[in-house]
file upload_3.csv (CSV, C-alpha atoms and all ligand atoms)
chain,number,residue,atom,x,y,z
J,1,MET,CA,9.6,19.5,-6.1
J,2,SER,CA,11.0,16.5,-7.9
J,3,TYR,CA,10.1,12.9,-7.4
J,4,VAL,CA,11.6,9.6,-8.7
J,5,LEU,CA,9.7,6.5,-7.7
J,6,TYR,CA,11.4,3.1,-7.7
J,7,TYR,CA,8.6,0.6,-7.9
J,8,SER,CA,7.7,-3.0,-8.6
J,9,PRO,CA,4.3,-3.8,-10.0
J,10,GLY,CA,1.7,-4.4,-7.2
J,11,ALA,CA,4.3,-4.1,-4.4
J,12,ALA,CA,4.5,-1.8,-1.4
J,13,SER,CA,5.3,0.9,-3.9
J,14,MET,CA,1.8,0.8,-5.4
J,15,PRO,CA,0.0,3.1,-2.9
J,16,VAL,CA,2.8,5.7,-3.4
J,17,HIS,CA,2.6,5.3,-7.2
J,18,TRP,CA,-1.2,5.6,-6.9
J,19,MET,CA,-1.0,8.7,-4.7
J,20,LEU,CA,1.4,10.5,-7.1
J,21,ILE,CA,-1.1,9.8,-9.9
J,22,GLU,CA,-4.1,10.8,-7.8
J,23,MET,CA,-2.4,14.1,-6.9
J,24,GLY,CA,-1.4,14.8,-10.5
J,25,VAL,CA,2.1,15.9,-9.6
J,26,PRO,CA,5.0,15.2,-12.1
J,27,PHE,CA,7.2,12.3,-11.3
J,28,GLU,CA,9.4,9.7,-12.9
J,29,ALA,CA,8.8,6.0,-12.3
J,30,ARG,CA,11.6,3.5,-12.5
J,31,LEU,CA,10.9,-0.2,-12.5
J,32,VAL,CA,12.8,-2.5,-10.1
J,33,ASP,CA,12.3,-6.1,-11.1
J,34,ILE,CA,12.2,-7.8,-7.6
J,35,ASP,CA,11.6,-11.2,-9.2
J,36,ALA,CA,14.9,-10.8,-11.0
J,37,GLY,CA,16.6,-9.6,-7.8
J,38,GLN,CA,17.2,-6.0,-9.0
J,39,GLN,CA,16.5,-4.7,-5.5
J,40,ARG,CA,19.9,-6.2,-4.5
J,41,ASP,CA,21.9,-4.5,-7.2
J,42,PRO,CA,24.7,-2.4,-5.6
J,43,ASP,CA,23.4,0.8,-7.3
J,44,TYR,CA,19.9,0.2,-5.9
J,45,LEU,CA,21.3,-0.7,-2.4
J,46,ARG,CA,23.0,2.7,-2.4
J,47,LEU,CA,19.5,4.2,-2.6
J,48,ASN,CA,17.8,1.8,-0.3
J,49,PRO,CA,20.1,-0.3,1.9
J,50,ALA,CA,17.2,-2.6,2.9
J,51,GLY,CA,16.9,-3.7,-0.7
J,52,GLN,CA,13.2,-3.2,-0.8
J,53,VAL,CA,10.7,-1.1,-2.8
J,54,PRO,CA,9.5,1.6,-2.6
J,55,THR,CA,12.2,4.2,-2.7
J,56,LEU,CA,11.1,7.7,-3.5
J,57,VAL,CA,13.8,10.2,-4.3
J,58,VAL,CA,12.5,13.5,-3.1
J,59,ASP,CA,14.4,16.5,-4.3
J,60,GLY,CA,17.4,14.3,-4.8
J,61,VAL,CA,17.3,12.5,-1.4
J,62,PRO,CA,16.2,8.8,-1.3
J,63,ARG,CA,13.3,8.2,1.1
J,64,HIS,CA,11.8,4.9,2.2
J,65,GLU,CA,8.8,3.1,3.9
J,66,SER,CA,5.6,3.2,2.0
J,67,ALA,CA,3.4,4.6,4.9
J,68,ALA,CA,6.0,7.3,5.7
J,69,LEU,CA,6.1,8.3,2.0
J,70,LEU,CA,2.3,8.6,1.9
J,71,MET,CA,2.4,10.8,5.0
J,72,LEU,CA,5.3,12.9,3.6
J,73,LEU,CA,3.5,13.4,0.3
J,74,ALA,CA,0.3,14.4,2.1
J,75,GLU,CA,2.3,17.0,4.1
J,76,ARG,CA,4.1,18.3,1.0
J,77,HIS,CA,0.8,18.6,-1.0
J,78,PRO,CA,-1.9,19.6,1.5
J,79,ASP,CA,-4.1,20.9,-1.4
J,80,ALA,CA,-4.5,17.4,-2.6
J,81,GLY,CA,-6.6,16.7,0.5
J,82,LEU,CA,-5.3,13.2,1.0
J,83,ALA,CA,-4.8,13.7,4.8
J,84,PRO,CA,-6.9,15.7,7.3
J,85,ALA,CA,-5.3,19.0,8.2
J,86,PRO,CA,-3.1,19.2,11.4
J,87,GLY,CA,-5.3,20.0,14.3
J,88,SER,CA,-8.5,18.9,12.6
J,89,ALA,CA,-10.9,16.4,14.2
J,90,GLN,CA,-10.0,13.7,11.7
J,91,ARG,CA,-6.3,14.0,12.2
J,92,ALA,CA,-6.1,11.5,15.1
J,93,PRO,CA,-8.2,8.7,13.4
J,94,TRP,CA,-6.0,9.3,10.3
J,95,PHE,CA,-2.8,8.7,12.4
J,96,GLU,CA,-4.5,5.6,14.0
J,97,TRP,CA,-5.4,4.0,10.7
J,98,MET,CA,-2.0,4.8,9.1
J,99,VAL,CA,-0.1,3.3,12.0
J,100,TYR,CA,-2.4,0.3,12.3
J,101,LEU,CA,-2.0,-0.5,8.6
J,102,ALA,CA,1.8,0.1,8.6
J,103,ASN,CA,2.5,-1.4,12.0
J,104,THR,CA,0.2,-4.4,12.2
J,105,VAL,CA,-1.2,-5.3,8.8
J,106,LEU,CA,1.9,-4.6,6.6
J,107,PRO,CA,4.3,-6.7,8.8
J,108,ALA,CA,1.8,-9.5,8.8
J,109,MET,CA,1.7,-9.4,5.0
J,110,ARG,CA,5.5,-9.4,4.9
J,111,ASP,CA,5.4,-12.5,7.2
J,112,TRP,CA,2.9,-14.2,5.0
J,113,PHE,CA,4.8,-13.7,1.8
J,114,TYR,CA,8.4,-13.9,3.1
J,115,ALA,CA,8.2,-16.4,5.9
J,116,ASP,CA,10.6,-18.8,4.2
J,117,SER,CA,13.2,-16.2,3.2
J,118,ASP,CA,13.1,-13.7,6.1
J,119,GLY,CA,13.1,-16.5,8.7
J,120,ASP,CA,13.9,-20.2,9.2
J,121,PRO,CA,11.9,-22.1,6.6
J,122,ALA,CA,11.3,-24.8,9.3
J,123,GLY,CA,9.1,-22.4,11.2
J,124,ALA,CA,7.5,-20.7,8.2
J,125,GLY,CA,4.2,-22.6,8.6
J,126,ALA,CA,3.6,-21.2,12.1
J,127,VAL,CA,4.7,-17.7,11.0
J,128,ARG,CA,2.2,-17.8,8.1
J,129,ALA,CA,-0.6,-19.1,10.4
J,130,LEU,CA,-0.2,-16.1,12.8
J,131,ALA,CA,0.1,-13.7,9.8
J,132,GLN,CA,-3.1,-15.1,8.4
J,133,ARG,CA,-4.9,-14.6,11.7
J,134,ARG,CA,-3.7,-11.0,11.8
J,135,ILE,CA,-4.7,-10.3,8.2
J,136,GLU,CA,-8.2,-11.8,8.7
J,137,ASP,CA,-8.6,-9.7,11.9
J,138,ALA,CA,-7.7,-6.7,9.9
J,139,CYS,CA,-10.3,-7.6,7.3
J,140,ALA,CA,-12.9,-8.0,10.0
J,141,ARG,CA,-11.9,-4.6,11.5
J,142,LEU,CA,-12.2,-2.9,8.1
J,143,ASP,CA,-15.5,-4.6,7.5
J,144,ALA,CA,-16.9,-3.4,10.8
J,145,HIS,CA,-15.8,0.1,10.0
J,146,CYS,CA,-17.4,0.1,6.6
J,147,GLY,CA,-20.5,-1.6,8.0
J,148,ALA,CA,-20.9,1.3,10.4
J,149,GLY,CA,-21.7,3.5,7.4
J,150,HIS,CA,-18.3,4.9,6.7
J,151,ALA,CA,-17.5,5.3,3.0
J,152,TYR,CA,-13.8,5.9,3.7
J,153,LEU,CA,-11.5,5.0,6.6
J,154,VAL,CA,-11.2,8.6,7.7
J,155,GLY,CA,-14.0,11.2,7.5
J,156,GLU,CA,-16.0,11.7,4.4
J,157,ARG,CA,-13.2,11.6,1.8
J,158,LEU,CA,-10.4,9.6,0.3
J,159,SER,CA,-7.1,9.7,2.3
J,160,THR,CA,-3.8,8.0,2.2
J,161,ALA,CA,-5.2,5.4,4.6
J,162,ASP,CA,-7.6,4.2,1.9
J,163,LEU,CA,-4.7,4.0,-0.6
J,164,LEU,CA,-2.7,1.8,1.7
J,165,ALA,CA,-5.6,-0.3,2.8
J,166,LEU,CA,-6.7,-1.1,-0.7
J,167,VAL,CA,-3.3,-2.3,-1.8
J,168,LEU,CA,-3.0,-4.4,1.4
J,169,MET,CA,-6.4,-5.9,0.6
J,170,ARG,CA,-5.3,-6.6,-3.0
J,171,TRP,CA,-2.5,-8.8,-1.6
J,172,THR,CA,-5.2,-11.1,0.0
J,173,ARG,CA,-6.5,-12.1,-3.4
J,174,ASN,CA,-4.8,-15.5,-3.4
J,175,MET,CA,-4.9,-16.1,0.3
J,176,PRO,CA,-7.2,-18.8,1.9
J,177,ARG,CA,-9.8,-16.1,2.6
J,178,PRO,CA,-9.5,-13.1,0.3
J,179,ALA,CA,-10.8,-9.7,1.5
J,180,THR,CA,-13.7,-9.8,-0.9
J,181,ALA,CA,-14.9,-13.2,0.5
J,182,GLY,CA,-17.0,-13.2,3.6
J,183,TRP,CA,-16.7,-9.5,4.6
J,184,PRO,CA,-19.5,-7.9,2.5
J,185,HIS,CA,-19.0,-4.3,3.7
J,186,LEU,CA,-15.3,-4.5,3.0
J,187,ALA,CA,-16.1,-6.0,-0.4
J,188,SER,CA,-18.3,-3.0,-1.3
J,189,TYR,CA,-15.6,-0.6,-0.1
J,190,ILE,CA,-13.0,-2.4,-2.2
J,191,HIS,CA,-15.2,-2.5,-5.4
J,192,ARG,CA,-15.9,1.2,-5.0
J,193,LEU,CA,-12.3,2.2,-4.6
J,194,CYS,CA,-11.2,0.0,-7.5
J,195,ALA,CA,-13.4,2.1,-9.8
J,196,LEU,CA,-11.5,5.3,-9.1
J,197,PRO,CA,-9.8,6.6,-12.2
J,198,SER,CA,-6.4,6.9,-10.5
J,199,PHE,CA,-6.5,3.3,-9.3
J,200,ILE,CA,-7.4,2.2,-12.9
J,201,GLU,CA,-4.5,4.3,-14.1
J,202,VAL,CA,-1.9,2.9,-11.7
J,203,ASN,CA,-3.0,-0.7,-12.7
J,204,GLN,CA,-2.4,0.3,-16.3
J,205,ARG,CA,0.9,1.9,-15.7
J,206,GLU,CA,2.1,-1.1,-13.6
J,207,LYS,CA,0.7,-3.5,-16.3
J,208,LEU,CA,-1.3,-5.3,-13.7
J,209,THR,CA,-4.1,-7.5,-15.0
J,210,GLU,CA,-5.3,-9.2,-11.8
J,211,TRP,CA,-7.8,-7.7,-9.3
J,212,ARG,CA,-8.5,-4.6,-11.4
J,213,ASN,CA,-12.0,-4.5,-10.1
J,214,GLY,CA,-11.4,-6.2,-6.8
J,215,ASP,CA,-12.1,-9.7,-8.2
J,216,SER,CA,-9.4,-12.0,-9.4
J,301,LIG,N1,8.0,-1.8,5.3
J,301,LIG,C1,8.4,-1.7,3.9
J,301,LIG,C2,8.2,-3.0,3.3
J,301,LIG,C3,8.7,-3.0,1.8
J,301,LIG,C4,8.7,-4.4,1.3
J,301,LIG,O1,8.6,-5.4,2.0
J,301,LIG,N2,8.8,-4.4,-0.1
J,301,LIG,C5,8.8,-5.7,-0.8
J,301,LIG,C6,7.8,-5.7,-1.9
J,301,LIG,S1,6.1,-5.6,-1.4
J,301,LIG,C7,10.2,-5.9,-1.4
J,301,LIG,O2,10.8,-5.0,-1.7
J,301,LIG,N3,10.5,-7.2,-1.5
J,301,LIG,C8,11.8,-7.5,-2.1
J,301,LIG,C9,12.7,-8.2,-1.1
J,301,LIG,O3,12.5,-8.1,0.1
J,301,LIG,O4,13.7,-8.7,-1.5
J,301,LIG,C10,7.5,-0.6,3.3
J,301,LIG,O5,6.3,-0.5,3.6
J,301,LIG,O6,8.0,0.2,2.4
call {"tool": "encode", "arguments": {"input": "upload_3.csv", "output": "structure tokens", "more": "lines below"}}
Ligand SMILES: N[C@@H](CCC(=O)N[C@@H](CS)C(=O)NCC(=O)O)C(=O)O
result
Amino acid sequence: MSYVLYYSPGAASMPVHWMLIEMGVPFEARLVDIDAGQQRDPDYLRLNPAGQVPTLVVDGVPRHESAALLMLLAERHPDAGLAPAPGSAQRAPWFEWMVYLANTVLPAMRDWFYADSDGDPAGAGAVRALAQRRIEDACARLDAHCGAGHAYLVGERLSTADLLALVLMRWTRNMPRPATAGWPHLASYIHRLCALPSFIEVNQREKLTEWRNGDS
């Protein structure tokens, strides 16, 4: 199995990068500087016509969408245990969390960060206000789940849902209400996951200095 990950530091590629490190599988990581617009280079657009990261080239074929890549990797590496086995009791809640994070929270994040460029700048304030409400609803939902005594989103062990959730929560660090402010159970969950060696490692490899322990 061969993997080449096109990533940008702290971006939607981060959970995929983290998962590859957590699983200990060989891969090559190639930096795409999205601040410099490298995602719109013709060579990159041939790999990813949306001009976004991540792209994961799997056995020579470029694949996209962070949540899909996490699920694909979980299927290809069942021994890593980052997803409940098909047919197991935890499989349905895993699907639910993955789809909720990818389908509700991630688009709200995109709206928050890209309201001016994805849409009409005149309406960006309203787009961001709705995005903020959705993101804070997600924080409340995660806080309630953790407050009910769950150490992880799914079952009793780390899964792709936690990898995706933590990176999404990282993106709230400069928002009006960061995930670590006002949701105490969520804050404990964040601080615990930030201490995982593979999360520390992905921060080092991506040269990220902010939010290494969940605080700015
Ligand atoms: N739904 C996509 C979203 C990817 C996405 O929005 N990536 C951002 C970085 S977090 C990006 O590439 N931005 C550069 C741009 O849109 O020009 C996924 O989850 O993979």
call {"tool": "atom_distance", "arguments": {"input": "upload_3.csv", "atom1": "atom CA of J:Pro178", "atom2": "atom CA of J:Arg128"}}
result
14.8 Å
call {"tool": "atom_distance", "arguments": {"input": "upload_3.csv", "atom1": "atom CA of J:Leu101", "atom2": "atom CA of J:Pro15"}}
result
12.2 Å
call {"tool": "closest_residue", "arguments": {"input": "upload_3.csv", "among": "J:Ala129, J:Leu193, J:Ser216, J:Leu158", "to": "J:Asn174", "atoms": "all atoms listed in the file"}}
result
J:Ser216
call {"tool": "closest_residue", "arguments": {"input": "upload_3.csv", "among": "J:Glu136, J:Asp33, J:Glu156, J:Glu201", "to": "J:Leu168", "atoms": "all atoms listed in the file"}}
result
J:Glu136
call {"tool": "residues_around", "arguments": {"input": "upload_3.csv", "residues": "J:Ala126", "least_positions_apart": "6", "cutoff": "12 Å", "atoms": "all atoms listed in the file", "output": "number ranges by chain"}}
result
J: 111-112, 115-116, 119-120, 132-133
call {"tool": "closest_residue", "arguments": {"input": "upload_3.csv", "among": "J:Arg40, J:Arg46, J:Arg91, J:Arg141", "to": "ligand LIG 301 (chain J)", "atoms": "all atoms listed in the file"}}
result
J:Arg40
call {"tool": "residues_near_ligand", "arguments": {"input": "upload_3.csv", "ligand": "ligand LIG 301 (chain J)", "cutoff": "10 Å", "atoms": "only C-alpha atoms and all ligand atoms", "output": "PDB file with C-alpha atoms, in the coordinates of the input"}}
result
ATOM      1  CA  TYR J   7       8.600   0.600  -7.900  1.00  0.00           C
ATOM      2  CA  SER J   8       7.700  -3.000  -8.600  1.00  0.00           C
ATOM      3  CA  PRO J   9       4.300  -3.800 -10.000  1.00  0.00           C
ATOM      4  CA  GLY J  10       1.700  -4.400  -7.200  1.00  0.00           C
ATOM      5  CA  ALA J  11       4.300  -4.100  -4.400  1.00  0.00           C
ATOM      6  CA  ALA J  12       4.500  -1.800  -1.400  1.00  0.00           C
ATOM      7  CA  SER J  13       5.300   0.900  -3.900  1.00  0.00           C
ATOM      8  CA  MET J  14       1.800   0.800  -5.400  1.00  0.00           C
ATOM      9  CA  PRO J  15       0.000   3.100  -2.900  1.00  0.00           C
ATOM     10  CA  VAL J  16       2.800   5.700  -3.400  1.00  0.00           C
ATOM     11  CA  VAL J  32      12.800  -2.500 -10.100  1.00  0.00           C
ATOM     12  CA  ASP J  33      12.300  -6.100 -11.100  1.00  0.00           C
ATOM     13  CA  ILE J  34      12.200  -7.800  -7.600  1.00  0.00           C
ATOM     14  CA  ASP J  35      11.600 -11.200  -9.200  1.00  0.00           C
ATOM     15  CA  ALA J  36      14.900 -10.800 -11.000  1.00  0.00           C
ATOM     16  CA  GLY J  37      16.600  -9.600  -7.800  1.00  0.00           C
ATOM     17  CA  GLN J  38      17.200  -6.000  -9.000  1.00  0.00           C
ATOM     18  CA  GLN J  39      16.500  -4.700  -5.500  1.00  0.00           C
ATOM     19  CA  ARG J  40      19.900  -6.200  -4.500  1.00  0.00           C
ATOM     20  CA  ASN J  48      17.800   1.800  -0.300  1.00  0.00           C
ATOM     21  CA  ALA J  50      17.200  -2.600   2.900  1.00  0.00           C
ATOM     22  CA  GLY J  51      16.900  -3.700  -0.700  1.00  0.00           C
ATOM     23  CA  GLN J  52      13.200  -3.200  -0.800  1.00  0.00           C
ATOM     24  CA  VAL J  53      10.700  -1.100  -2.800  1.00  0.00           C
ATOM     25  CA  PRO J  54       9.500   1.600  -2.600  1.00  0.00           C
ATOM     26  CA  THR J  55      12.200   4.200  -2.700  1.00  0.00           C
ATOM     27  CA  ARG J  63      13.300   8.200   1.100  1.00  0.00           C
ATOM     28  CA  HIS J  64      11.800   4.900   2.200  1.00  0.00           C
ATOM     29  CA  GLU J  65       8.800   3.100   3.900  1.00  0.00           C
ATOM     30  CA  SER J  66       5.600   3.200   2.000  1.00  0.00           C
ATOM     31  CA  ALA J  67       3.400   4.600   4.900  1.00  0.00           C
ATOM     32  CA  ALA J  68       6.000   7.300   5.700  1.00  0.00           C
ATOM     33  CA  LEU J  69       6.100   8.300   2.000  1.00  0.00           C
ATOM     34  CA  LEU J 101      -2.000  -0.500   8.600  1.00  0.00           C
ATOM     35  CA  ALA J 102       1.800   0.100   8.600  1.00  0.00           C
ATOM     36  CA  ASN J 103       2.500  -1.400  12.000  1.00  0.00           C
ATOM     37  CA  LEU J 106       1.900  -4.600   6.600  1.00  0.00           C
ATOM     38  CA  PRO J 107       4.300  -6.700   8.800  1.00  0.00           C
ATOM     39  CA  MET J 109       1.700  -9.400   5.000  1.00  0.00           C
ATOM     40  CA  ARG J 110       5.500  -9.400   4.900  1.00  0.00           C
ATOM     41  CA  ASP J 111       5.400 -12.500   7.200  1.00  0.00           C
ATOM     42  CA  PHE J 113       4.800 -13.700   1.800  1.00  0.00           C
ATOM     43  CA  TYR J 114       8.400 -13.900   3.100  1.00  0.00           C
ATOM     44  CA  SER J 117      13.200 -16.200   3.200  1.00  0.00           C
ATOM     45  CA  ASP J 118      13.100 -13.700   6.100  1.00  0.00           C
ATOM     46  CA  LEU J 164      -2.700   1.800   1.700  1.00  0.00           C
ATOM     47  CA  VAL J 167      -3.300  -2.300  -1.800  1.00  0.00           C
ATOM     48  CA  LEU J 168      -3.000  -4.400   1.400  1.00  0.00           C
ATOM     49  CA  TRP J 171      -2.500  -8.800  -1.600  1.00  0.00           C
TER      50      TRP J 171
END
call {"tool": "closest_atom_pairs", "arguments": {"input": "upload_3.csv", "of": "stretch 8-76 of chain J", "to": "stretch 85-90 of chain J", "cutoff": "12 Å", "atoms": "only C-alpha atoms", "output": "tab-separated table"}}
result
residue	atom	partner	partner_atom	distance
J:Met71	CA	J:Ala85	CA	11.7
J:Ala74	CA	J:Ala85	CA	9.5
J:Glu75	CA	J:Ala85	CA	8.9
J:Arg76	CA	J:Ala85	CA	11.9
call {"tool": "atom_distance", "arguments": {"input": "upload_3.csv", "atom1": "atom CA of J:Pro197", "atom2": "atom CA of J:Met23"}}
result
11.8 Å
call {"tool": "residues_around", "arguments": {"input": "upload_3.csv", "residues": "J:Leu73", "least_positions_apart": "5", "cutoff": "12 Å", "atoms": "all atoms listed in the file", "output": "MDAnalysis selection string"}}
result
chainID J and resid 1:3 15:25 56:58 63 66:68 78:83 159:160
call {"tool": "build_atoms", "arguments": {"input": "upload_3.csv", "residues": "stretch 198-209 of chain J", "atoms": "all heavy atoms", "output": "PDB file, in the coordinates of the input"}}
result
ATOM      1  N   SER J 198      -7.844   7.001 -10.785  1.00  0.00           N
ATOM      2  CA  SER J 198      -6.400   6.900 -10.500  1.00  0.00           C
ATOM      3  C   SER J 198      -5.977   5.500 -10.150  1.00  0.00           C
ATOM      4  O   SER J 198      -4.830   5.116 -10.408  1.00  0.00           O
ATOM      5  CB  SER J 198      -6.073   7.858  -9.294  1.00  0.00           C
ATOM      6  OG  SER J 198      -6.911   7.576  -8.196  1.00  0.00           O
ATOM      7  N   PHE J 199      -6.884   4.669  -9.598  1.00  0.00           N
ATOM      8  CA  PHE J 199      -6.500   3.300  -9.300  1.00  0.00           C
ATOM      9  C   PHE J 199      -6.463   2.506 -10.670  1.00  0.00           C
ATOM     10  O   PHE J 199      -5.565   1.698 -10.898  1.00  0.00           O
ATOM     11  CB  PHE J 199      -7.533   2.617  -8.377  1.00  0.00           C
ATOM     12  CG  PHE J 199      -7.120   1.218  -7.975  1.00  0.00           C
ATOM     13  CD1 PHE J 199      -6.051   1.022  -7.094  1.00  0.00           C
ATOM     14  CD2 PHE J 199      -7.765   0.108  -8.474  1.00  0.00           C
ATOM     15  CE1 PHE J 199      -5.643  -0.267  -6.740  1.00  0.00           C
ATOM     16  CE2 PHE J 199      -7.366  -1.187  -8.122  1.00  0.00           C
ATOM     17  CZ  PHE J 199      -6.301  -1.369  -7.242  1.00  0.00           C
ATOM     18  N   ILE J 200      -7.418   2.792 -11.558  1.00  0.00           N
ATOM     19  CA  ILE J 200      -7.400   2.200 -12.900  1.00  0.00           C
ATOM     20  C   ILE J 200      -6.082   2.541 -13.590  1.00  0.00           C
ATOM     21  O   ILE J 200      -5.403   1.705 -14.183  1.00  0.00           O
ATOM     22  CB  ILE J 200      -8.628   2.617 -13.700  1.00  0.00           C
ATOM     23  CG1 ILE J 200      -9.899   2.056 -13.041  1.00  0.00           C
ATOM     24  CG2 ILE J 200      -8.527   2.198 -15.162  1.00  0.00           C
ATOM     25  CD1 ILE J 200     -11.199   2.624 -13.565  1.00  0.00           C
ATOM     26  N   GLU J 201      -5.701   3.810 -13.448  1.00  0.00           N
ATOM     27  CA  GLU J 201      -4.500   4.300 -14.100  1.00  0.00           C
ATOM     28  C   GLU J 201      -3.217   3.629 -13.561  1.00  0.00           C
ATOM     29  O   GLU J 201      -2.334   3.231 -14.318  1.00  0.00           O
ATOM     30  CB  GLU J 201      -4.404   5.829 -13.922  1.00  0.00           C
ATOM     31  CG  GLU J 201      -3.181   6.499 -14.498  1.00  0.00           C
ATOM     32  CD  GLU J 201      -3.149   6.497 -16.030  1.00  0.00           C
ATOM     33  OE1 GLU J 201      -4.211   6.343 -16.656  1.00  0.00           O
ATOM     34  OE2 GLU J 201      -2.029   6.606 -16.579  1.00  0.00           O
ATOM     35  N   VAL J 202      -3.138   3.478 -12.224  1.00  0.00           N
ATOM     36  CA  VAL J 202      -1.900   2.900 -11.700  1.00  0.00           C
ATOM     37  C   VAL J 202      -1.844   1.402 -12.087  1.00  0.00           C
ATOM     38  O   VAL J 202      -0.755   0.879 -12.350  1.00  0.00           O
ATOM     39  CB  VAL J 202      -1.818   3.072 -10.132  1.00  0.00           C
ATOM     40  CG1 VAL J 202      -2.807   2.249  -9.348  1.00  0.00           C
ATOM     41  CG2 VAL J 202      -0.389   2.762  -9.661  1.00  0.00           C
ATOM     42  N   ASN J 203      -2.974   0.730 -12.189  1.00  0.00           N
ATOM     43  CA  ASN J 203      -3.000  -0.700 -12.700  1.00  0.00           C
ATOM     44  C   ASN J 203      -2.445  -0.717 -14.111  1.00  0.00           C
ATOM     45  O   ASN J 203      -1.661  -1.614 -14.457  1.00  0.00           O
ATOM     46  CB  ASN J 203      -4.377  -1.252 -12.618  1.00  0.00           C
ATOM     47  CG  ASN J 203      -4.696  -1.819 -11.255  1.00  0.00           C
ATOM     48  OD1 ASN J 203      -4.356  -2.961 -10.966  1.00  0.00           O
ATOM     49  ND2 ASN J 203      -5.313  -1.031 -10.390  1.00  0.00           N
ATOM     50  N   GLN J 204      -2.885   0.254 -14.916  1.00  0.00           N
ATOM     51  CA  GLN J 204      -2.400   0.300 -16.300  1.00  0.00           C
ATOM     52  C   GLN J 204      -0.928   0.529 -16.385  1.00  0.00           C
ATOM     53  O   GLN J 204      -0.183  -0.160 -17.068  1.00  0.00           O
ATOM     54  CB  GLN J 204      -3.180   1.338 -17.109  1.00  0.00           C
ATOM     55  CG  GLN J 204      -4.556   0.841 -17.523  1.00  0.00           C
ATOM     56  CD  GLN J 204      -5.449   1.947 -18.060  1.00  0.00           C
ATOM     57  OE1 GLN J 204      -5.094   3.125 -18.022  1.00  0.00           O
ATOM     58  NE2 GLN J 204      -6.624   1.577 -18.539  1.00  0.00           N
ATOM     59  N   ARG J 205      -0.481   1.536 -15.621  1.00  0.00           N
ATOM     60  CA  ARG J 205       0.900   1.900 -15.700  1.00  0.00           C
ATOM     61  C   ARG J 205       1.829   0.753 -15.167  1.00  0.00           C
ATOM     62  O   ARG J 205       2.941   0.582 -15.645  1.00  0.00           O
ATOM     63  CB  ARG J 205       1.219   3.159 -14.893  1.00  0.00           C
ATOM     64  CG  ARG J 205       0.592   4.372 -15.526  1.00  0.00           C
ATOM     65  CD  ARG J 205       1.261   5.637 -15.077  1.00  0.00           C
ATOM     66  NE  ARG J 205       0.411   6.787 -15.305  1.00  0.00           N
ATOM     67  CZ  ARG J 205       0.728   8.024 -14.992  1.00  0.00           C
ATOM     68  NH1 ARG J 205       1.886   8.282 -14.419  1.00  0.00           N
ATOM     69  NH2 ARG J 205      -0.101   9.013 -15.228  1.00  0.00           N
ATOM     70  N   GLU J 206       1.321   0.010 -14.168  1.00  0.00           N
ATOM     71  CA  GLU J 206       2.100  -1.100 -13.600  1.00  0.00           C
ATOM     72  C   GLU J 206       1.863  -2.404 -14.386  1.00  0.00           C
ATOM     73  O   GLU J 206       2.386  -3.448 -14.022  1.00  0.00           O
ATOM     74  CB  GLU J 206       1.856  -1.259 -12.123  1.00  0.00           C
ATOM     75  CG  GLU J 206       2.286  -0.029 -11.332  1.00  0.00           C
ATOM     76  CD  GLU J 206       2.465  -0.257  -9.834  1.00  0.00           C
ATOM     77  OE1 GLU J 206       2.203  -1.368  -9.345  1.00  0.00           O
ATOM     78  OE2 GLU J 206       2.883   0.703  -9.157  1.00  0.00           O
ATOM     79  N   LYS J 207       1.013  -2.313 -15.433  1.00  0.00           N
ATOM     80  CA  LYS J 207       0.700  -3.500 -16.300  1.00  0.00           C
ATOM     81  C   LYS J 207       0.134  -4.639 -15.458  1.00  0.00           C
ATOM     82  O   LYS J 207       0.462  -5.805 -15.697  1.00  0.00           O
ATOM     83  CB  LYS J 207       1.904  -3.928 -17.098  1.00  0.00           C
ATOM     84  CG  LYS J 207       2.440  -2.841 -18.034  1.00  0.00           C
ATOM     85  CD  LYS J 207       3.572  -3.377 -18.890  1.00  0.00           C
ATOM     86  CE  LYS J 207       4.015  -2.419 -19.978  1.00  0.00           C
ATOM     87  NZ  LYS J 207       4.298  -1.052 -19.545  1.00  0.00           N
ATOM     88  N   LEU J 208      -0.712  -4.294 -14.496  1.00  0.00           N
ATOM     89  CA  LEU J 208      -1.300  -5.300 -13.700  1.00  0.00           C
ATOM     90  C   LEU J 208      -2.647  -5.744 -14.318  1.00  0.00           C
ATOM     91  O   LEU J 208      -3.426  -4.893 -14.747  1.00  0.00           O
ATOM     92  CB  LEU J 208      -1.590  -4.786 -12.254  1.00  0.00           C
ATOM     93  CG  LEU J 208      -0.335  -4.431 -11.461  1.00  0.00           C
ATOM     94  CD1 LEU J 208      -0.699  -3.664 -10.204  1.00  0.00           C
ATOM     95  CD2 LEU J 208       0.454  -5.687 -11.107  1.00  0.00           C
ATOM     96  N   THR J 209      -2.860  -7.036 -14.360  1.00  0.00           N
ATOM     97  CA  THR J 209      -4.100  -7.500 -15.000  1.00  0.00           C
ATOM     98  C   THR J 209      -5.043  -8.122 -13.932  1.00  0.00           C
ATOM     99  O   THR J 209      -6.250  -8.132 -14.127  1.00  0.00           O
ATOM    100  CB  THR J 209      -3.793  -8.575 -16.051  1.00  0.00           C
ATOM    101  OG1 THR J 209      -2.954  -9.571 -15.478  1.00  0.00           O
ATOM    102  CG2 THR J 209      -3.091  -7.953 -17.246  1.00  0.00           C
TER     103      THR J 209
END
